[in-house]
file structure_33.pdb (PDB, C-alpha atoms)
MODEL        1
ATOM      1  CA  MET A   1      -5.817 -17.474  -2.293
ATOM      2  CA  GLY A   2      -9.210 -18.242  -0.757
ATOM      3  CA  ARG A   3      -7.906 -17.689   2.771
ATOM      4  CA  LEU A   4      -6.926 -14.134   1.862
ATOM      5  CA  LEU A   5     -10.291 -13.129   0.387
ATOM      6  CA  PRO A   6     -11.941 -12.170   3.734
ATOM      7  CA  VAL A   7      -8.989  -9.874   4.565
ATOM      8  CA  ILE A   8      -9.117  -8.196   1.163
ATOM      9  CA  SER A   9     -12.905  -7.900   0.910
ATOM     10  CA  GLU A  10     -13.091  -6.191   4.330
ATOM     11  CA  HIS A  11     -10.283  -3.732   3.609
ATOM     12  CA  LYS A  12     -11.333  -0.244   2.462
ATOM     13  CA  GLY A  13      -8.915   1.710   0.281
ATOM     14  CA  GLY A  14      -5.194   1.337  -0.271
ATOM     15  CA  GLU A  15      -3.008  -1.708  -0.559
ATOM     16  CA  ILE A  16      -3.769  -4.659   1.685
ATOM     17  CA  PRO A  17      -1.438  -4.913   4.710
ATOM     18  CA  LEU A  18      -0.521  -8.630   4.771
ATOM     19  CA  THR A  19       2.137 -10.680   6.525
ATOM     20  CA  ARG A  20       5.256 -11.787   4.699
ATOM     21  CA  GLU A  21       3.918 -15.334   4.307
ATOM     22  CA  GLN A  22       0.580 -14.081   2.958
ATOM     23  CA  LEU A  23       2.351 -11.861   0.428
ATOM     24  CA  LYS A  24       4.518 -14.755  -0.739
ATOM     25  CA  GLN A  25       1.444 -16.966  -1.030
ATOM     26  CA  THR A  26      -0.315 -14.313  -3.130
ATOM     27  CA  PHE A  27       2.613 -13.865  -5.522
ATOM     28  CA  THR A  28       3.012 -17.645  -5.863
ATOM     29  CA  ASN A  29      -0.693 -18.003  -6.663
ATOM     30  CA  TYR A  30      -0.278 -15.566  -9.548
ATOM     31  CA  ASP A  31       2.416 -17.715 -11.150
ATOM     32  CA  THR A  32      -0.349 -18.886 -13.486
ATOM     33  CA  ASN A  33       1.735 -21.219 -15.655
ATOM     34  CA  LYS A  34       3.617 -22.640 -12.644
ATOM     35  CA  ASP A  35       7.067 -22.043 -14.139
ATOM     36  CA  GLU A  36       8.451 -20.824 -10.788
ATOM     37  CA  LYS A  37       8.903 -17.245 -11.932
ATOM     38  CA  LEU A  38       6.670 -14.187 -12.283
ATOM     39  CA  SER A  39       6.271 -12.278 -15.517
ATOM     40  CA  TRP A  40       5.477  -8.550 -15.607
ATOM     41  CA  ASP A  41       1.783  -9.252 -16.312
ATOM     42  CA  GLU A  42       1.520 -11.874 -13.569
ATOM     43  CA  LEU A  43       3.024  -9.523 -11.001
ATOM     44  CA  LYS A  44       0.784  -6.657 -12.112
ATOM     45  CA  SER A  45      -2.248  -8.924 -11.652
ATOM     46  CA  ALA A  46      -1.044  -9.771  -8.145
ATOM     47  CA  PHE A  47      -0.734  -6.088  -7.233
ATOM     48  CA  LYS A  48      -4.224  -5.478  -8.659
ATOM     49  CA  TYR A  49      -5.541  -8.285  -6.450
ATOM     50  CA  LEU A  50      -3.862  -6.609  -3.486
ATOM     51  CA  LYS A  51      -5.728  -3.383  -4.407
ATOM     52  CA  SER A  52      -2.614  -1.387  -5.208
ATOM     53  CA  ARG A  53      -3.552   2.147  -6.269
ATOM     54  CA  PHE A  54      -0.948   2.101  -9.054
ATOM     55  CA  PRO A  55      -0.303  -1.549 -10.043
ATOM     56  CA  SER A  56       1.721  -0.698 -13.158
ATOM     57  CA  ILE A  57       4.045   1.613 -11.209
ATOM     58  CA  ARG A  58       4.338  -0.921  -8.366
ATOM     59  CA  THR A  59       5.246  -3.634 -10.883
ATOM     60  CA  GLU A  60       7.839  -1.443 -12.604
ATOM     61  CA  LEU A  61       9.443  -0.535  -9.280
ATOM     62  CA  ALA A  62       9.423  -4.177  -8.164
ATOM     63  CA  PHE A  63      11.219  -5.332 -11.326
ATOM     64  CA  HIS A  64      13.742  -2.495 -11.044
ATOM     65  CA  LYS A  65      14.549  -3.533  -7.482
ATOM     66  CA  CYS A  66      14.142  -7.318  -7.551
ATOM     67  CA  ASP A  67      14.964  -8.635 -11.047
ATOM     68  CA  LYS A  68      18.651  -8.983 -10.222
ATOM     69  CA  ASP A  69      19.662 -10.903 -13.348
ATOM     70  CA  GLU A  70      17.504  -8.656 -15.564
ATOM     71  CA  ASN A  71      15.942 -11.607 -17.405
ATOM     72  CA  GLY A  72      12.464 -10.045 -17.349
ATOM     73  CA  TYR A  73      11.131 -12.332 -14.602
ATOM     74  CA  ILE A  74      11.045 -12.468 -10.823
ATOM     75  CA  ASP A  75      12.493 -15.929 -10.197
ATOM     76  CA  TYR A  76      11.688 -18.010  -7.140
ATOM     77  CA  GLY A  77      14.332 -17.933  -4.437
ATOM     78  CA  LYS A  78      16.289 -14.776  -3.700
ATOM     79  CA  GLU A  79      14.363 -12.619  -6.190
ATOM     80  CA  MET A  80      11.001 -13.731  -4.741
ATOM     81  CA  ASP A  81      12.298 -13.019  -1.227
ATOM     82  CA  SER A  82      13.395  -9.568  -2.411
ATOM     83  CA  LEU A  83       9.945  -8.996  -3.947
ATOM     84  CA  VAL A  84       8.176  -9.945  -0.724
ATOM     85  CA  ALA A  85      10.463  -7.647   1.279
ATOM     86  CA  TYR A  86       9.814  -4.801  -1.192
ATOM     87  CA  ALA A  87       6.038  -5.304  -1.083
ATOM     88  CA  GLU A  88       6.087  -5.470   2.705
ATOM     89  CA  GLU A  89       8.211  -2.330   3.031
ATOM     90  CA  SER A  90       6.457  -0.269   0.383
ATOM     91  CA  SER A  91       2.970  -0.913   1.752
ATOM     92  CA  THR A  92       3.959   0.623   5.096
ATOM     93  CA  VAL A  93       1.814   3.747   4.665
ATOM     94  CA  ASP A  94      -1.417   1.886   3.942
ATOM     95  CA  ALA A  95      -0.743  -0.719   6.627
ATOM     96  CA  SER A  96      -0.017   1.986   9.200
ATOM     97  CA  PHE A  97      -3.159   3.909   8.228
ATOM     98  CA  TRP A  98      -5.146   0.727   8.742
ATOM     99  CA  ARG A  99      -3.609   0.148  12.192
ATOM    100  CA  LEU A 100      -4.088   3.794  13.184
ATOM    101  CA  GLY A 101      -7.776   3.658  12.277
ATOM    102  CA  ILE A 102      -7.562   6.105   9.351
ATOM    103  CA  GLY A 103     -10.091   4.659   6.931
ATOM    104  CA  LYS A 104     -11.051   5.973   3.540
ATOM    105  CA  LEU A 105     -13.683   8.670   4.141
ATOM    106  CA  SER A 106     -15.134  11.156   1.701
ATOM    107  CA  ILE A 107     -15.861  14.752   2.704
ATOM    108  CA  GLY A 108     -19.559  13.850   2.826
ATOM    109  CA  ASP A 109     -18.840  10.904   5.153
ATOM    110  CA  VAL A 110     -16.953  13.181   7.541
ATOM    111  CA  GLN A 111     -19.680  15.811   7.588
ATOM    112  CA  ARG A 112     -22.321  13.220   8.482
ATOM    113  CA  LEU A 113     -20.448  12.097  11.619
ATOM    114  CA  GLU A 114     -21.673  13.101  15.076
ATOM    115  CA  TRP A 115     -19.278  15.349  16.973
ATOM    116  CA  ASP A 116     -18.067  12.635  19.379
ATOM    117  CA  GLN A 117     -17.266  10.387  16.401
ATOM    118  CA  LEU A 118     -15.562  13.244  14.604
ATOM    119  CA  GLU A 119     -13.539  14.117  17.694
ATOM    120  CA  ALA A 120     -12.202  10.542  17.804
ATOM    121  CA  LYS A 121     -11.331  10.807  14.088
ATOM    122  CA  ILE A 122      -9.447  14.044  14.699
ATOM    123  CA  ARG A 123      -7.358  12.408  17.427
ATOM    124  CA  ARG A 124      -6.495   9.554  15.069
ATOM    125  CA  TRP A 125      -5.779  12.006  12.242
ATOM    126  CA  ILE A 126      -3.329  13.974  14.397
ATOM    127  CA  ARG A 127      -1.549  10.774  15.451
ATOM    128  CA  ALA A 128      -1.383   9.583  11.847
ATOM    129  CA  ALA A 129      -0.108  12.980  10.650
ATOM    130  CA  LYS A 130       2.761  12.823  13.153
ATOM    131  CA  VAL A 131       3.665   9.279  12.111
ATOM    132  CA  CYS A 132       3.618  10.290   8.435
ATOM    133  CA  ASP A 133       5.742  13.368   9.011
ATOM    134  CA  ARG A 134       8.367  11.681  11.176
ATOM    135  CA  VAL A 135       8.531   8.143   9.762
ATOM    136  CA  LEU A 136       6.386   7.006   6.852
ATOM    137  CA  PHE A 137       6.784   9.737   4.252
ATOM    138  CA  VAL A 138      10.472  10.075   5.121
ATOM    139  CA  SER A 139      11.085   6.350   4.585
ATOM    140  CA  LYS A 140       9.145   6.429   1.297
ATOM    141  CA  LYS A 141      11.262   9.329   0.082
ATOM    142  CA  LYS A 142      14.470   7.488   0.929
ATOM    143  CA  LEU A 143      13.204   4.345  -0.819
ATOM    144  CA  CYS A 144      12.486   6.261  -4.034
ATOM    145  CA  GLU A 145      15.902   7.914  -3.867
ATOM    146  CA  GLN A 146      17.601   4.513  -3.512
ATOM    147  CA  ILE A 147      15.693   2.947  -6.408
ATOM    148  CA  PHE A 148      16.206   5.869  -8.811
ATOM    149  CA  GLU A 149      19.529   7.180  -7.517
ATOM    150  CA  ASN A 150      21.078   7.357 -10.996
ATOM    151  CA  LEU A 151      18.035   8.611 -12.902
ATOM    152  CA  GLY A 152      17.651  12.150 -11.549
ATOM    153  CA  THR A 153      15.582  13.931  -8.931
ATOM    154  CA  ASP A 154      12.574  14.471 -11.224
ATOM    155  CA  ILE A 155      11.955  10.724 -11.446
ATOM    156  CA  GLU A 156      12.617  10.286  -7.715
ATOM    157  CA  ASP A 157      10.091  13.018  -6.892
ATOM    158  CA  ALA A 158       7.479  11.632  -9.306
ATOM    159  CA  CYS A 159       7.833   8.179  -7.756
ATOM    160  CA  PHE A 160       7.501   9.591  -4.242
ATOM    161  CA  VAL A 161       4.401  11.649  -5.127
ATOM    162  CA  GLU A 162       2.646   8.703  -6.787
ATOM    163  CA  THR A 163       3.482   6.462  -3.818
ATOM    164  CA  VAL A 164       2.105   8.710  -1.070
ATOM    165  CA  LYS A 165      -0.533  10.702  -2.984
ATOM    166  CA  GLY A 166      -3.506   8.515  -2.050
ATOM    167  CA  SER A 167      -2.581   8.437   1.636
ATOM    168  CA  ALA A 168      -1.964  12.193   1.729
ATOM    169  CA  ILE A 169      -5.376  12.838   0.173
ATOM    170  CA  GLN A 170      -6.961  10.710   2.897
ATOM    171  CA  LEU A 171      -5.313  12.868   5.539
ATOM    172  CA  PHE A 172      -6.247  16.199   3.965
ATOM    173  CA  ASN A 173      -9.863  15.189   3.224
ATOM    174  CA  LEU A 174     -10.634  15.251   6.939
ATOM    175  CA  PHE A 175      -9.196  18.733   7.369
ATOM    176  CA  GLU A 176     -11.084  20.065   4.335
ATOM    177  CA  ALA A 177     -14.371  18.545   5.499
ATOM    178  CA  ILE A 178     -14.058  20.094   8.960
ATOM    179  CA  SER A 179     -13.058  23.471   7.539
ATOM    180  CA  ILE A 180     -16.343  23.748   5.604
ATOM    181  CA  SER A 181     -18.595  22.237   8.291
ATOM    182  CA  ARG A 182     -20.909  24.182  10.603
ATOM    183  CA  ARG A 183     -19.013  26.138  13.272
ATOM    184  CA  SER A 184     -19.660  25.584  16.978
ATOM    185  CA  PRO A 185     -17.754  26.563  20.167
ATOM    186  CA  GLU A 186     -17.104  22.990  21.354
ATOM    187  CA  LYS A 187     -15.153  22.270  18.170
ATOM    188  CA  LEU A 188     -12.713  25.159  18.544
ATOM    189  CA  PHE A 189      -9.892  23.541  20.528
ATOM    190  CA  LYS A 190      -9.884  20.305  18.544
ATOM    191  CA  ILE A 191      -9.824  22.273  15.303
ATOM    192  CA  LEU A 192      -6.856  24.282  16.603
ATOM    193  CA  ASP A 193      -5.060  20.997  17.399
ATOM    194  CA  LEU A 194      -5.827  19.853  13.869
ATOM    195  CA  HIS A 195      -4.498  23.126  12.465
ATOM    196  CA  ASP A 196      -1.221  22.729  14.368
ATOM    197  CA  ALA A 197      -0.782  19.180  13.045
ATOM    198  CA  LEU A 198      -1.447  20.365   9.502
ATOM    199  CA  MET A 199       1.144  23.135   9.786
ATOM    200  CA  VAL A 200       3.761  20.570  10.808
ATOM    201  CA  LEU A 201       3.028  18.574   7.636
ATOM    202  CA  MET A 202       3.296  21.646   5.419
ATOM    203  CA  LEU A 203       6.602  22.965   6.775
TER     204      LEU A 203
ENDMDL
END

call {"tool": "encode", "arguments": {"input": "structure_33.pdb", "output": "structure tokens"}}
result
Amino acid sequence: MGRLLPVISEHKGGEIPLTREQLKQTFTNYDTNKDEKLSWDELKSAFKYLKSRFPSIRTELAFHKCDKDENGYIDYGKEMDSLVAYAEESSTVDASFWRLGIGKLSIGDVQRLEWDQLEAKIRRWIRAAKVCDRVLFVSKKKLCEQIFENLGTDIEDACFVETVKGSAIQLFNLFEAISISRRSPEKLFKILDLHDALMVLML
């Protein structure tokens, strides 16, 4: 676990985007009694370590998807492989935000940026908004529908909202901060670009 600490300590907000091998290593490390299976509490602790926003929900979803024999444990072997694949797939939004340079910024942080820094953030925000609209949020929605296909749309929708809520707030914080900042002519065209990207998300 020590090799992962620098990655996790440097990451700001959202679940840590790790490789498949790093995820497997993390889950194995949280098999505290070394019985070659993960209990609900052990898996929840692992998701907490990975800075999951909703570790209890992530654990519940993981057991629903990966505990194939329904014995209350994620066993080593095929179930562990399924868990790693689930964790890798379901952290796509946070990992993509990290790669796209969309960090966790408060409204105050945004308002303190110089215009050239803010302009670069707006370009990244627009790119991230397009990726979310066309790929990430769509794939998350489909994943929730697959997991809860027999439990009704209310549960599917609640799962989807909880999964993407933190990332969506990150996106909209930038727009809100700019909307209440001091107006100036040089900002006009970039703000219009931002407005167009926001409208696409809301349609």

call {"tool": "atom_distance", "arguments": {"input": "structure_33.pdb", "atom1": "atom CA of Leu194 of chain A", "atom2": "atom CA of Phe160 of chain A"}}
result
24.7 Å

call {"tool": "closest_residue", "arguments": {"input": "structure_33.pdb", "among": "A:Ile191, A:Leu118, A:Leu171, A:Leu38", "to": "Tyr76 of chain A", "atoms": "only C-alpha atoms"}}
result
A:Leu38

call {"tool": "resolve_selection", "arguments": {"input": "structure_33.pdb", "expression": "the PyMOL selection byres ((chain A and resi 77) around 12)", "output": "PyMOL selection string"}}
result
chain A and resi 24+28+36-38+66-68+74-76+78-84

call {"tool": "write_last_selection", "arguments": {"input": "structure_33.pdb", "atoms": "C-alpha atoms", "output": "PDB file, keeping the file's coordinate frame"}}
result
ATOM      1  CA  LYS A  24       4.518 -14.755  -0.739  1.00  0.00           C
ATOM      2  CA  THR A  28       3.012 -17.645  -5.863  1.00  0.00           C
ATOM      3  CA  GLU A  36       8.451 -20.824 -10.788  1.00  0.00           C
ATOM      4  CA  LYS A  37       8.903 -17.245 -11.932  1.00  0.00           C
ATOM      5  CA  LEU A  38       6.670 -14.187 -12.283  1.00  0.00           C
ATOM      6  CA  CYS A  66      14.142  -7.318  -7.551  1.00  0.00           C
ATOM      7  CA  ASP A  67      14.964  -8.635 -11.047  1.00  0.00           C
ATOM      8  CA  LYS A  68      18.651  -8.983 -10.222  1.00  0.00           C
ATOM      9  CA  ILE A  74      11.045 -12.468 -10.823  1.00  0.00           C
ATOM     10  CA  ASP A  75      12.493 -15.929 -10.197  1.00  0.00           C
ATOM     11  CA  TYR A  76      11.688 -18.010  -7.140  1.00  0.00           C
ATOM     12  CA  LYS A  78      16.289 -14.776  -3.700  1.00  0.00           C
ATOM     13  CA  GLU A  79      14.363 -12.619  -6.190  1.00  0.00           C
ATOM     14  CA  MET A  80      11.001 -13.731  -4.741  1.00  0.00           C
ATOM     15  CA  ASP A  81      12.298 -13.019  -1.227  1.00  0.00           C
ATOM     16  CA  SER A  82      13.395  -9.568  -2.411  1.00  0.00           C
ATOM     17  CA  LEU A  83       9.945  -8.996  -3.947  1.00  0.00           C
ATOM     18  CA  VAL A  84       8.176  -9.945  -0.724  1.00  0.00           C
TER      19      VAL A  84
END

call {"tool": "closest_residue", "arguments": {"input": "structure_33.pdb", "among": "A:Lys140, A:Glu156, A:Gln22, A:Asn173", "to": "Gly108 of chain A", "atoms": "all atoms listed in the file"}}
result
A:Asn173

call {"tool": "atom_distance", "arguments": {"input": "structure_33.pdb", "atom1": "atom CA of Phe189 of chain A", "atom2": "atom CA of Ser167 of chain A"}}
result
25.3 Å

call {"tool": "resolve_selection", "arguments": {"input": "structure_33.pdb", "expression": "the PyMOL selection byres ((chain A and resi 43) around 9)", "output": "PyMOL selection string"}}
result
chain A and resi 27+30-31+38-42+44-48+55+59+62+74

call {"tool": "axis_aligned_box", "arguments": {"input": "structure_33.pdb", "around": "segment 125-140 of chain A", "padding_each_side": "8 Å", "output": "JSON"}}
result
{"center_x": 2.7, "center_y": 10.2, "center_z": 8.4, "size_x": 32.9, "size_y": 23.6, "size_z": 30.2}
